[in-house]
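Encoded as structure tokens, the structure appears first; notes follow it.
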Amino acid sequence: MAKIHELSAELTNQIAAGEVIERPASVVKELCENSIDAGATRIRVNFINAGLQEISVQDNGSGIAKDQLDLAFTRHATSKISTQRDLFNISTLGFRGEALASIAAVAHVEILTNTSGANGVSAKFAAGKKLGQEDAAAPQGTKIVVRDLFYNTPARLKYLRSERTEILKIVDIVDRLALGHPEISFTLTNNNKPILKTVGRDDLRLDIANIYGRHLAEKMIKIQGQTPDFKISGLISSAQDTRSTRNFISFLLNGRYVKNYQLTQSLISGYGSKIAAKRYPIAVINIELDPLLVDVNVHPTKQEVRLSKEKELERLITQTITDTLLKNETVSSGVDNL
Ligand code: ADP
Ligand code: MG
């Protein structure tokens, strides 16, 4: 056997990048989440050739200070947590300090960022290394352009699905982030052709109208419920407005879009026998909870989380849906009887 030796930083970054950056949509997710964490009120995403040629994300958030730029692209360097206590009390979407380093390990990255009215800075990274940096005029905020994704990891490139599937995955993640953040205006374009625009007026129904259609949005029903540990709110479709997949159900945990089969099931249970077999509702549910009750540190992509008191939450969801639908029926049949 060969002697044991430490891998180079370049190689460890590439290995780590494989976990966080699976496909173009992962780049979009990570960059948008950074923009959200930076307090942006406007986020613009453009991609070319399903994101393989180029993905750009521009925000009007806090920007990154010139002397912090190298750290921003260093693995496990973050401005979002510092102590072990913070790790179990996460209030930002990011905290692992992996995304920018990972993206720069598997693509060519250009950044233009500015923290204030003064001069900004631009820099280029490739294969995990900074190629150069210079002062540059820029509006407040950050623009990151990612080119030639997976150019140096051919295996990953081969594993990607059709161009159409990769585009759908990009659209899906931007849809979910926009639905989770109606206070932010999202614009998504494919080679500058518009796909999606939300207005950022903090109106979920308006966003649903833009994303799933106005006719459906108008008919969606407001829900609200709480226990001592959880507060839920959002919009759900009536039992008559259904889809053939669960893909139109989104859960946001303190603003983080998460995939959770149990929560989805608890929502569907709330409809009981009102909904036809193999049909699923459309719903956007925000869950507010003490960050101490959720462990986000389960998987590098942070879409899977572990919840304490999950049963309590599931019961709250089912009960709230059942009660809301019942009340809604009584109200509408009351109107019919007039
Ligand atoms: P994390 O989000 O887990 O902290 P990232 O690698 O995604 O790790 O980002 C590293 C750091 O760079 C962040 O902690 C943040 O300070 C800074 N940063 C990244 N993107 C932005 C942005 N769009 N606006 C402002 N700061 C950013
Ligand atoms: Mg991040």
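Following the order of the structure tokens, chains are lettered A, B, ..., residues in each are numbered from 1, and ligands are numbered from 1.
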What's the 8 Å shell around region 2-15 of chain A, counting only C-alpha atoms, without same-chain residues fewer than 4 positions away, as a PDB file with N, CA and C atoms, in the first residue's frame?
```
ATOM      1  N   GLU A  19     -20.591  17.085  -2.339  1.00  0.00           N
ATOM      2  CA  GLU A  19     -21.750  16.911  -1.461  1.00  0.00           C
ATOM      3  C   GLU A  19     -22.711  18.088  -1.529  1.00  0.00           C
ATOM      4  N   ARG A  75     -13.133  27.358   2.687  1.00  0.00           N
ATOM      5  CA  ARG A  75     -14.044  26.360   3.249  1.00  0.00           C
ATOM      6  C   ARG A  75     -14.092  26.457   4.772  1.00  0.00           C
ATOM      7  N   ALA A 101     -16.746  28.231  -1.445  1.00  0.00           N
ATOM      8  CA  ALA A 101     -15.522  27.437  -1.657  1.00  0.00           C
ATOM      9  C   ALA A 101     -15.823  26.243  -2.562  1.00  0.00           C
ATOM     10  N   SER A 102     -16.967  25.610  -2.349  1.00  0.00           N
ATOM     11  CA  SER A 102     -17.326  24.439  -3.154  1.00  0.00           C
ATOM     12  C   SER A 102     -17.561  24.823  -4.606  1.00  0.00           C
ATOM     13  N   ALA A 105     -14.493  25.519  -6.414  1.00  0.00           N
ATOM     14  CA  ALA A 105     -13.656  24.325  -6.658  1.00  0.00           C
ATOM     15  C   ALA A 105     -14.049  23.604  -7.938  1.00  0.00           C
ATOM     16  N   VAL A 106     -15.277  23.820  -8.406  1.00  0.00           N
ATOM     17  CA  VAL A 106     -15.754  23.066  -9.580  1.00  0.00           C
ATOM     18  C   VAL A 106     -16.241  23.955 -10.721  1.00  0.00           C
ATOM     19  N   ALA A 127     -10.770  26.630  -9.880  1.00  0.00           N
ATOM     20  CA  ALA A 127     -10.152  25.465  -9.245  1.00  0.00           C
ATOM     21  C   ALA A 127      -9.724  25.797  -7.812  1.00  0.00           C
ATOM     22  N   GLY A 128     -10.556  26.547  -7.121  1.00  0.00           N
ATOM     23  CA  GLY A 128     -10.323  26.842  -5.709  1.00  0.00           C
ATOM     24  C   GLY A 128      -9.304  27.931  -5.445  1.00  0.00           C
TER      25      GLY A 128
END
```
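Residues with any atom within 12 Å of Gln140 (chain A), counting only C-alpha atoms and excluding same-chain neighbours fewer than 4 positions away, are Ala38, Gly39, Ala40, Thr41, Arg42, Gln58, Asp59, Asn60, Gly61, Ser62, Gly63, Ile64, Ala65, Leu112, Thr113, Asn114, Thr115, Ser116, Gly117, Ala118, Asn119, Gly120, Val121 and Ala136 of chain A.
Taking CA of Gly18 (chain A) and CA of Lys129 (chain A) as the two end points, the separation is 17.3 Å.
Considering only C-alpha atoms and all ligand atoms, the residue among A:Gly270, A:Gly97, A:Gly141, A:Pro281 positioned nearest to ligand 1 is A:Gly97.
In this model, the gap between CA of Gly255 (chain A) and CA of Lys309 (chain A) comes to 18.7 Å.
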Inset, instruction - Tell me which protein, DNA and RNA residues are within 12 Å of region 157-161 of chain A, counting only C-alpha atoms, leaving out same-chain ones fewer than 2 positions away, and put them as an NGL selection string. - result: :A and (18 or 21-25 or 50-53 or 106-107 or 148-155 or 163-169)
As a short mmCIF file (atom, residue, chain, number, x, y, z; two decimals) with N, CA and C atoms, in the first residue's frame, which residues of region 94-331 of chain A does DSSP assign to strand (DSSP E or B)?
```
data_model
loop_
_atom_site.label_atom_id
_atom_site.label_comp_id
_atom_site.auth_asym_id
_atom_site.auth_seq_id
_atom_site.Cartn_x
_atom_site.Cartn_y
_atom_site.Cartn_z
N HIS A 108 -15.60 28.20 -12.80
CA HIS A 108 -14.95 29.51 -12.84
C HIS A 108 -15.91 30.52 -12.22
N VAL A 109 -15.42 31.28 -11.25
CA VAL A 109 -16.33 32.19 -10.54
C VAL A 109 -15.81 33.62 -10.62
N GLU A 110 -16.73 34.53 -10.89
CA GLU A 110 -16.39 35.95 -10.87
C GLU A 110 -17.33 36.61 -9.87
N ILE A 111 -16.78 37.47 -9.03
CA ILE A 111 -17.62 38.16 -8.05
C ILE A 111 -17.41 39.66 -8.15
N LEU A 112 -18.51 40.38 -8.03
CA LEU A 112 -18.45 41.84 -7.97
C LEU A 112 -19.29 42.21 -6.76
N THR A 113 -18.70 42.88 -5.79
CA THR A 113 -19.44 43.12 -4.55
C THR A 113 -19.09 44.48 -3.97
N ASN A 114 -20.05 45.04 -3.26
CA ASN A 114 -19.85 46.36 -2.69
C ASN A 114 -20.68 46.48 -1.42
N GLY A 120 -16.39 49.28 -4.97
CA GLY A 120 -16.52 47.86 -4.69
C GLY A 120 -15.27 47.13 -5.13
N VAL A 121 -15.40 45.81 -5.21
CA VAL A 121 -14.25 45.00 -5.58
C VAL A 121 -14.72 43.88 -6.49
N SER A 122 -13.86 43.49 -7.43
CA SER A 122 -14.18 42.33 -8.26
C SER A 122 -13.03 41.34 -8.17
N ALA A 123 -13.35 40.07 -8.30
CA ALA A 123 -12.30 39.05 -8.21
C ALA A 123 -12.72 37.82 -9.01
N LYS A 124 -11.71 37.04 -9.37
CA LYS A 124 -11.97 35.81 -10.12
C LYS A 124 -11.37 34.63 -9.39
N PHE A 125 -12.08 33.52 -9.38
CA PHE A 125 -11.58 32.28 -8.77
C PHE A 125 -11.75 31.13 -9.75
N ALA A 126 -10.84 30.18 -9.70
CA ALA A 126 -11.00 28.94 -10.49
C ALA A 126 -10.22 27.83 -9.82
N LYS A 129 -8.76 28.54 -6.50
CA LYS A 129 -7.73 29.57 -6.28
C LYS A 129 -8.18 30.92 -6.80
N LYS A 130 -7.73 31.97 -6.11
CA LYS A 130 -8.05 33.32 -6.59
C LYS A 130 -7.09 33.69 -7.70
N LEU A 131 -7.66 34.17 -8.81
CA LEU A 131 -6.81 34.50 -9.96
C LEU A 131 -6.46 35.98 -9.98
N GLY A 132 -7.24 36.79 -9.24
CA GLY A 132 -6.95 38.22 -9.25
C GLY A 132 -8.07 38.98 -8.60
N GLN A 133 -7.75 40.21 -8.20
CA GLN A 133 -8.75 41.05 -7.53
C GLN A 133 -8.45 42.50 -7.85
N GLU A 134 -9.49 43.28 -8.09
CA GLU A 134 -9.25 44.71 -8.32
C GLU A 134 -10.45 45.55 -7.86
N ASP A 135 -10.20 46.83 -7.58
CA ASP A 135 -11.30 47.72 -7.23
C ASP A 135 -12.18 47.90 -8.45
N ALA A 136 -13.47 48.03 -8.21
CA ALA A 136 -14.39 48.17 -9.33
C ALA A 136 -15.63 48.91 -8.88
N GLY A 141 -24.32 45.58 -2.93
CA GLY A 141 -24.80 44.22 -3.08
C GLY A 141 -23.74 43.35 -3.71
N THR A 142 -24.16 42.20 -4.19
CA THR A 142 -23.21 41.22 -4.69
C THR A 142 -23.72 40.59 -5.97
N LYS A 143 -22.82 40.44 -6.93
CA LYS A 143 -23.16 39.68 -8.13
C LYS A 143 -22.12 38.57 -8.27
N ILE A 144 -22.60 37.36 -8.39
CA ILE A 144 -21.68 36.23 -8.57
C ILE A 144 -22.03 35.54 -9.88
N VAL A 145 -21.00 35.35 -10.72
CA VAL A 145 -21.21 34.66 -12.00
C VAL A 145 -20.40 33.37 -11.98
N VAL A 146 -21.09 32.27 -12.23
CA VAL A 146 -20.46 30.95 -12.19
C VAL A 146 -20.45 30.41 -13.61
N ARG A 147 -19.26 30.14 -14.14
CA ARG A 147 -19.18 29.64 -15.52
C ARG A 147 -18.54 28.26 -15.57
N SER A 185 -38.17 40.36 -3.96
CA SER A 185 -38.52 40.26 -5.37
C SER A 185 -37.50 39.37 -6.08
N PHE A 186 -37.97 38.27 -6.65
CA PHE A 186 -37.11 37.34 -7.38
C PHE A 186 -37.37 37.49 -8.88
N THR A 187 -36.29 37.50 -9.65
CA THR A 187 -36.43 37.46 -11.10
C THR A 187 -35.60 36.30 -11.60
N LEU A 188 -36.21 35.44 -12.41
CA LEU A 188 -35.46 34.31 -12.99
C LEU A 188 -35.57 34.39 -14.50
N THR A 189 -34.41 34.36 -15.17
CA THR A 189 -34.40 34.38 -16.63
C THR A 189 -33.50 33.27 -17.16
N ASN A 190 -33.88 32.75 -18.33
CA ASN A 190 -33.09 31.75 -19.04
C ASN A 190 -32.48 32.47 -20.23
N LYS A 193 -34.27 35.49 -21.08
CA LYS A 193 -35.71 35.39 -21.37
C LYS A 193 -36.44 35.12 -20.05
N PRO A 194 -37.46 35.95 -19.72
CA PRO A 194 -38.12 35.83 -18.42
C PRO A 194 -38.81 34.48 -18.19
N ILE A 195 -38.62 33.94 -17.00
CA ILE A 195 -39.32 32.72 -16.59
C ILE A 195 -40.25 33.05 -15.42
N LEU A 196 -39.74 33.84 -14.51
CA LEU A 196 -40.51 34.10 -13.29
C LEU A 196 -40.14 35.47 -12.75
N LYS A 197 -41.15 36.18 -12.26
CA LYS A 197 -40.87 37.41 -11.54
C LYS A 197 -41.87 37.55 -10.39
N ILE A 221 -56.91 29.07 0.30
CA ILE A 221 -57.49 29.38 1.61
C ILE A 221 -56.39 29.62 2.63
N LYS A 222 -56.59 30.67 3.40
CA LYS A 222 -55.61 31.03 4.42
C LYS A 222 -55.68 30.06 5.60
N ILE A 223 -54.53 29.66 6.11
CA ILE A 223 -54.55 28.85 7.32
C ILE A 223 -53.69 29.50 8.40
N GLN A 224 -54.01 29.18 9.63
CA GLN A 224 -53.24 29.70 10.75
C GLN A 224 -53.48 28.77 11.94
N GLY A 225 -52.44 28.44 12.65
CA GLY A 225 -52.62 27.60 13.83
C GLY A 225 -51.39 27.66 14.70
N GLN A 226 -51.55 27.32 15.98
CA GLN A 226 -50.35 27.29 16.81
C GLN A 226 -50.48 26.41 18.04
N PHE A 230 -45.03 25.67 18.13
CA PHE A 230 -45.04 25.93 16.69
C PHE A 230 -46.14 26.91 16.31
N LYS A 231 -45.82 27.70 15.28
CA LYS A 231 -46.83 28.58 14.72
C LYS A 231 -46.84 28.31 13.22
N ILE A 232 -47.99 27.97 12.67
CA ILE A 232 -48.03 27.74 11.23
C ILE A 232 -48.97 28.72 10.54
N SER A 233 -48.63 29.08 9.31
CA SER A 233 -49.48 29.97 8.53
C SER A 233 -49.21 29.70 7.06
N GLY A 234 -50.12 30.13 6.22
CA GLY A 234 -49.89 29.94 4.79
C GLY A 234 -51.18 29.86 4.02
N LEU A 235 -51.08 29.31 2.80
CA LEU A 235 -52.24 29.18 1.94
C LEU A 235 -52.33 27.74 1.43
N ILE A 236 -53.55 27.21 1.40
CA ILE A 236 -53.75 25.85 0.88
C ILE A 236 -54.87 25.88 -0.17
N ARG A 243 -53.46 18.39 -7.72
CA ARG A 243 -52.47 18.06 -8.73
C ARG A 243 -52.16 16.57 -8.64
N ILE A 249 -46.45 21.22 -2.94
CA ILE A 249 -46.55 21.42 -1.50
C ILE A 249 -45.18 21.90 -1.03
N SER A 250 -45.13 23.05 -0.38
CA SER A 250 -43.85 23.56 0.13
C SER A 250 -43.95 23.84 1.62
N PHE A 251 -42.95 23.38 2.34
CA PHE A 251 -42.84 23.71 3.76
C PHE A 251 -41.63 24.59 3.98
N LEU A 252 -41.82 25.66 4.74
CA LEU A 252 -40.69 26.52 5.07
C LEU A 252 -40.56 26.58 6.58
N LEU A 253 -39.40 26.19 7.03
CA LEU A 253 -39.13 26.16 8.47
C LEU A 253 -38.28 27.37 8.80
N ARG A 256 -36.67 28.49 5.75
CA ARG A 256 -35.86 27.54 5.00
C ARG A 256 -36.76 26.53 4.32
N TYR A 257 -36.64 26.41 2.98
CA TYR A 257 -37.41 25.40 2.27
C TYR A 257 -36.82 24.03 2.61
N VAL A 258 -37.67 23.15 3.15
CA VAL A 258 -37.19 21.80 3.51
C VAL A 258 -38.05 20.74 2.85
N TYR A 280 -53.24 15.45 -5.05
CA TYR A 280 -52.56 16.14 -3.95
C TYR A 280 -52.87 17.63 -3.97
N ALA A 283 -50.00 23.79 -1.65
CA ALA A 283 -49.93 24.46 -0.35
C ALA A 283 -48.56 25.10 -0.14
N VAL A 284 -48.57 26.22 0.54
CA VAL A 284 -47.32 26.83 1.03
C VAL A 284 -47.51 27.07 2.52
N ILE A 285 -46.71 26.37 3.32
CA ILE A 285 -46.89 26.43 4.77
C ILE A 285 -45.61 26.95 5.42
N ASN A 286 -45.75 28.04 6.13
CA ASN A 286 -44.62 28.58 6.91
C ASN A 286 -44.73 28.07 8.33
N ILE A 287 -43.63 27.56 8.83
CA ILE A 287 -43.62 27.07 10.21
C ILE A 287 -42.61 27.90 10.98
N GLU A 288 -43.08 28.53 12.04
CA GLU A 288 -42.15 29.28 12.89
C GLU A 288 -41.93 28.48 14.16
N LEU A 289 -40.68 28.33 14.53
CA LEU A 289 -40.36 27.57 15.74
C LEU A 289 -39.04 28.06 16.31
N VAL A 294 -34.85 22.51 15.98
CA VAL A 294 -34.56 21.88 14.68
C VAL A 294 -33.05 21.74 14.48
N ASP A 295 -32.65 20.56 14.06
CA ASP A 295 -31.25 20.32 13.74
C ASP A 295 -31.09 20.38 12.23
N ARG A 306 -33.78 17.61 11.09
CA ARG A 306 -34.39 16.79 12.15
C ARG A 306 -35.12 17.69 13.13
N LEU A 307 -36.34 17.28 13.43
CA LEU A 307 -37.18 18.12 14.28
C LEU A 307 -37.42 17.45 15.62
#
```
Write out, as a Markdown table, each residue of chain A that has an atom at most 12 Å from ligand 2, together with the closest pair of atoms and their distance in Å to one decimal, counting only C-alpha atoms and all ligand atoms, rows going by chain and rising number.
```
| residue | atom | partner | partner_atom_place_in_ligand_line | distance |
| --- | --- | --- | --- | --- |
| A:Val20 | CA | ligand 2 | 1 (Mg) | 10.3 |
| A:Ile21 | CA | ligand 2 | 1 (Mg) | 11.7 |
| A:Ser26 | CA | ligand 2 | 1 (Mg) | 11.1 |
| A:Val27 | CA | ligand 2 | 1 (Mg) | 10.1 |
| A:Val28 | CA | ligand 2 | 1 (Mg) | 10.9 |
| A:Lys29 | CA | ligand 2 | 1 (Mg) | 9.0 |
| A:Glu30 | CA | ligand 2 | 1 (Mg) | 5.5 |
| A:Leu31 | CA | ligand 2 | 1 (Mg) | 6.7 |
| A:Cys32 | CA | ligand 2 | 1 (Mg) | 8.4 |
| A:Glu33 | CA | ligand 2 | 1 (Mg) | 6.1 |
| A:Asn34 | CA | ligand 2 | 1 (Mg) | 4.7 |
| A:Ser35 | CA | ligand 2 | 1 (Mg) | 8.5 |
| A:Ile36 | CA | ligand 2 | 1 (Mg) | 9.5 |
| A:Asp37 | CA | ligand 2 | 1 (Mg) | 8.0 |
| A:Ala38 | CA | ligand 2 | 1 (Mg) | 9.8 |
| A:Ala72 | CA | ligand 2 | 1 (Mg) | 9.4 |
| A:Phe73 | CA | ligand 2 | 1 (Mg) | 10.4 |
| A:Thr74 | CA | ligand 2 | 1 (Mg) | 11.7 |
| A:Arg75 | CA | ligand 2 | 1 (Mg) | 10.8 |
| A:His76 | CA | ligand 2 | 1 (Mg) | 10.4 |
| A:Ala77 | CA | ligand 2 | 1 (Mg) | 10.1 |
| A:Thr78 | CA | ligand 2 | 1 (Mg) | 8.2 |
| A:Ser79 | CA | ligand 2 | 1 (Mg) | 9.7 |
| A:Lys80 | CA | ligand 2 | 1 (Mg) | 9.1 |
| A:Ile81 | CA | ligand 2 | 1 (Mg) | 11.6 |
| A:Thr92 | CA | ligand 2 | 1 (Mg) | 9.0 |
| A:Leu93 | CA | ligand 2 | 1 (Mg) | 7.0 |
| A:Gly94 | CA | ligand 2 | 1 (Mg) | 4.2 |
| A:Phe95 | CA | ligand 2 | 1 (Mg) | 6.6 |
| A:Arg96 | CA | ligand 2 | 1 (Mg) | 7.2 |
| A:Gly97 | CA | ligand 2 | 1 (Mg) | 6.2 |
| A:Glu98 | CA | ligand 2 | 1 (Mg) | 6.8 |
| A:Ala99 | CA | ligand 2 | 1 (Mg) | 5.2 |
| A:Leu100 | CA | ligand 2 | 1 (Mg) | 7.0 |
| A:Ala101 | CA | ligand 2 | 1 (Mg) | 9.7 |
| A:Ser102 | CA | ligand 2 | 1 (Mg) | 10.3 |
| A:Ile103 | CA | ligand 2 | 1 (Mg) | 10.6 |
| A:Pro300 | CA | ligand 2 | 1 (Mg) | 10.7 |
| A:Thr301 | CA | ligand 2 | 1 (Mg) | 10.0 |
| A:Lys302 | CA | ligand 2 | 1 (Mg) | 10.5 |
```
Print the selection's residues with C-alpha atoms to a file, as a tab-separated table (two decimals), in the first residue's frame.
```tsv
chain	number	residue	atom	x	y	z
A	20	VAL	CA	-23.01	20.48	-1.68
A	21	ILE	CA	-23.01	21.12	-5.42
A	26	SER	CA	-27.58	23.54	-6.21
A	27	VAL	CA	-25.52	26.56	-7.26
A	28	VAL	CA	-28.69	28.59	-7.69
A	29	LYS	CA	-29.96	27.49	-4.28
A	30	GLU	CA	-26.73	28.26	-2.42
A	31	LEU	CA	-26.25	31.67	-4.05
A	32	CYS	CA	-29.86	32.72	-3.50
A	33	GLU	CA	-29.72	31.59	0.12
A	34	ASN	CA	-26.61	33.73	0.60
A	35	SER	CA	-28.47	36.69	-0.90
A	36	ILE	CA	-31.41	36.10	1.45
A	37	ASP	CA	-29.03	35.90	4.44
A	38	ALA	CA	-27.43	39.17	3.26
A	72	ALA	CA	-15.72	34.14	1.88
A	73	PHE	CA	-14.20	31.61	-0.54
A	74	THR	CA	-12.43	29.62	2.17
A	75	ARG	CA	-14.04	26.36	3.25
A	76	HIS	CA	-15.56	26.41	6.75
A	77	ALA	CA	-15.25	30.18	6.94
A	78	THR	CA	-18.54	31.93	7.71
A	79	SER	CA	-19.89	35.15	9.20
A	80	LYS	CA	-23.03	33.37	10.41
A	81	ILE	CA	-22.04	31.30	13.44
A	92	THR	CA	-29.67	32.00	8.92
A	93	LEU	CA	-29.97	29.72	5.89
A	94	GLY	CA	-26.21	29.24	5.64
A	95	PHE	CA	-23.76	28.46	8.42
A	96	ARG	CA	-21.36	25.79	7.15
A	97	GLY	CA	-19.17	28.15	5.16
A	98	GLU	CA	-18.95	25.68	2.31
A	99	ALA	CA	-20.91	26.98	-0.64
A	100	LEU	CA	-18.62	29.58	-2.19
A	101	ALA	CA	-15.52	27.44	-1.66
A	102	SER	CA	-17.33	24.44	-3.15
A	103	ILE	CA	-18.60	26.32	-6.18
A	300	PRO	CA	-24.62	19.46	3.58
A	301	THR	CA	-27.50	20.69	1.41
A	302	LYS	CA	-29.59	21.42	4.55
```
Inset, instruction - Name the residues of region 171-332 of chain A that fall into helix (DSSP H, G or I) according to DSSP on the backbone, using the chain letters and numbers of this document, as a PyMOL selection string. - result: chain A and resi 171-180+204-212+214-219+246-248+261-274+291-293+310-332
Go ahead and save the picked residues with C-alpha atoms, as a PDB file, in the first residue's frame.
```pdb
ATOM      1  CA  VAL A 171     -37.048  26.776 -11.757  1.00  0.00           C
ATOM      2  CA  ASP A 172     -38.329  24.590  -8.914  1.00  0.00           C
ATOM      3  CA  ILE A 173     -35.810  25.843  -6.359  1.00  0.00           C
ATOM      4  CA  VAL A 174     -36.340  29.502  -7.297  1.00  0.00           C
ATOM      5  CA  ASP A 175     -40.125  28.986  -7.088  1.00  0.00           C
ATOM      6  CA  ARG A 176     -39.803  27.554  -3.580  1.00  0.00           C
ATOM      7  CA  LEU A 177     -37.408  30.233  -2.355  1.00  0.00           C
ATOM      8  CA  ALA A 178     -39.692  32.932  -3.767  1.00  0.00           C
ATOM      9  CA  LEU A 179     -42.760  31.355  -2.126  1.00  0.00           C
ATOM     10  CA  GLY A 180     -40.857  31.245   1.145  1.00  0.00           C
ATOM     11  CA  LEU A 204     -47.934  35.251  -0.590  1.00  0.00           C
ATOM     12  CA  ARG A 205     -51.131  35.094  -2.637  1.00  0.00           C
ATOM     13  CA  LEU A 206     -49.623  37.425  -5.212  1.00  0.00           C
ATOM     14  CA  ASP A 207     -46.530  35.215  -5.456  1.00  0.00           C
ATOM     15  CA  ILE A 208     -48.647  32.089  -5.834  1.00  0.00           C
ATOM     16  CA  ALA A 209     -50.538  33.885  -8.599  1.00  0.00           C
ATOM     17  CA  ASN A 210     -47.258  34.569 -10.373  1.00  0.00           C
ATOM     18  CA  ILE A 211     -45.917  31.076  -9.905  1.00  0.00           C
ATOM     19  CA  TYR A 212     -48.928  28.736 -10.037  1.00  0.00           C
ATOM     20  CA  ARG A 214     -53.923  33.669 -10.736  1.00  0.00           C
ATOM     21  CA  HIS A 215     -57.077  31.593 -10.956  1.00  0.00           C
ATOM     22  CA  LEU A 216     -55.768  29.069  -8.446  1.00  0.00           C
ATOM     23  CA  ALA A 217     -54.263  31.741  -6.172  1.00  0.00           C
ATOM     24  CA  GLU A 218     -57.569  33.542  -5.813  1.00  0.00           C
ATOM     25  CA  LYS A 219     -59.217  30.381  -4.529  1.00  0.00           C
ATOM     26  CA  ARG A 246     -46.861  16.259  -4.216  1.00  0.00           C
ATOM     27  CA  ASN A 247     -44.550  18.793  -5.894  1.00  0.00           C
ATOM     28  CA  PHE A 248     -46.871  21.718  -5.270  1.00  0.00           C
ATOM     29  CA  TYR A 261     -42.190  13.421   3.819  1.00  0.00           C
ATOM     30  CA  GLN A 262     -43.882  13.238   7.225  1.00  0.00           C
ATOM     31  CA  LEU A 263     -44.975  16.862   7.191  1.00  0.00           C
ATOM     32  CA  THR A 264     -46.317  16.420   3.660  1.00  0.00           C
ATOM     33  CA  GLN A 265     -48.280  13.353   4.780  1.00  0.00           C
ATOM     34  CA  SER A 266     -49.713  15.242   7.757  1.00  0.00           C
ATOM     35  CA  LEU A 267     -50.943  17.952   5.399  1.00  0.00           C
ATOM     36  CA  ILE A 268     -52.555  15.437   3.052  1.00  0.00           C
ATOM     37  CA  SER A 269     -54.178  13.707   6.062  1.00  0.00           C
ATOM     38  CA  GLY A 270     -55.834  17.003   6.917  1.00  0.00           C
ATOM     39  CA  TYR A 271     -57.876  16.732   3.718  1.00  0.00           C
ATOM     40  CA  GLY A 272     -59.079  13.260   4.765  1.00  0.00           C
ATOM     41  CA  SER A 273     -61.484  11.680   2.294  1.00  0.00           C
ATOM     42  CA  LYS A 274     -62.295  15.053   0.715  1.00  0.00           C
ATOM     43  CA  PRO A 291     -34.363  27.219  16.212  1.00  0.00           C
ATOM     44  CA  LEU A 292     -33.360  25.034  19.154  1.00  0.00           C
ATOM     45  CA  LEU A 293     -36.062  22.566  18.076  1.00  0.00           C
ATOM     46  CA  GLU A 310     -42.228  16.432  15.191  1.00  0.00           C
ATOM     47  CA  LYS A 311     -45.421  14.580  16.183  1.00  0.00           C
ATOM     48  CA  GLU A 312     -46.801  17.717  17.829  1.00  0.00           C
ATOM     49  CA  LEU A 313     -46.153  19.634  14.619  1.00  0.00           C
ATOM     50  CA  GLU A 314     -47.719  16.937  12.434  1.00  0.00           C
ATOM     51  CA  ARG A 315     -50.862  16.946  14.590  1.00  0.00           C
ATOM     52  CA  LEU A 316     -51.030  20.743  14.424  1.00  0.00           C
ATOM     53  CA  ILE A 317     -50.798  20.668  10.625  1.00  0.00           C
ATOM     54  CA  THR A 318     -53.446  17.961  10.167  1.00  0.00           C
ATOM     55  CA  GLN A 319     -55.822  19.580  12.635  1.00  0.00           C
ATOM     56  CA  THR A 320     -55.402  23.085  11.221  1.00  0.00           C
ATOM     57  CA  ILE A 321     -56.064  21.876   7.671  1.00  0.00           C
ATOM     58  CA  THR A 322     -59.142  19.860   8.705  1.00  0.00           C
ATOM     59  CA  ASP A 323     -60.588  22.748  10.736  1.00  0.00           C
ATOM     60  CA  THR A 324     -59.885  25.313   8.033  1.00  0.00           C
ATOM     61  CA  LEU A 325     -61.502  23.230   5.285  1.00  0.00           C
ATOM     62  CA  LEU A 326     -64.541  22.560   7.471  1.00  0.00           C
ATOM     63  CA  LYS A 327     -64.949  26.240   8.313  1.00  0.00           C
ATOM     64  CA  ASN A 328     -64.494  27.151   4.690  1.00  0.00           C
ATOM     65  CA  GLU A 329     -67.199  24.707   3.584  1.00  0.00           C
ATOM     66  CA  THR A 330     -69.641  26.072   6.129  1.00  0.00           C
ATOM     67  CA  VAL A 331     -68.926  29.607   5.015  1.00  0.00           C
ATOM     68  CA  SER A 332     -69.311  28.866   1.308  1.00  0.00           C
TER      69      SER A 332
END
```
Inset, instruction - Choose the residue, out of A:Gln84, A:Met220, A:Ile48, A:Ala104, that has the smallest atom-to-atom separation from ligand 1; count only C-alpha atoms and all ligand atoms. - result: A:Ala104
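Of the listed residues A:Arg85, A:Ser56, A:Asn260, A:Ala277, the one whose atoms come nearest to ligand 1 is A:Ser56, with distances taken using only C-alpha atoms and all ligand atoms.
Nearest to ligand 1 of all the residues A:Gln240, A:His181, A:Gly213, A:Val296 is A:Val296, counting only C-alpha atoms and all ligand atoms.
Distance check against ligand 1 using only C-alpha atoms and all ligand atoms: of A:Glu304, A:Asp290, A:Glu183, A:Asp70, the minimum falls on A:Asp70.
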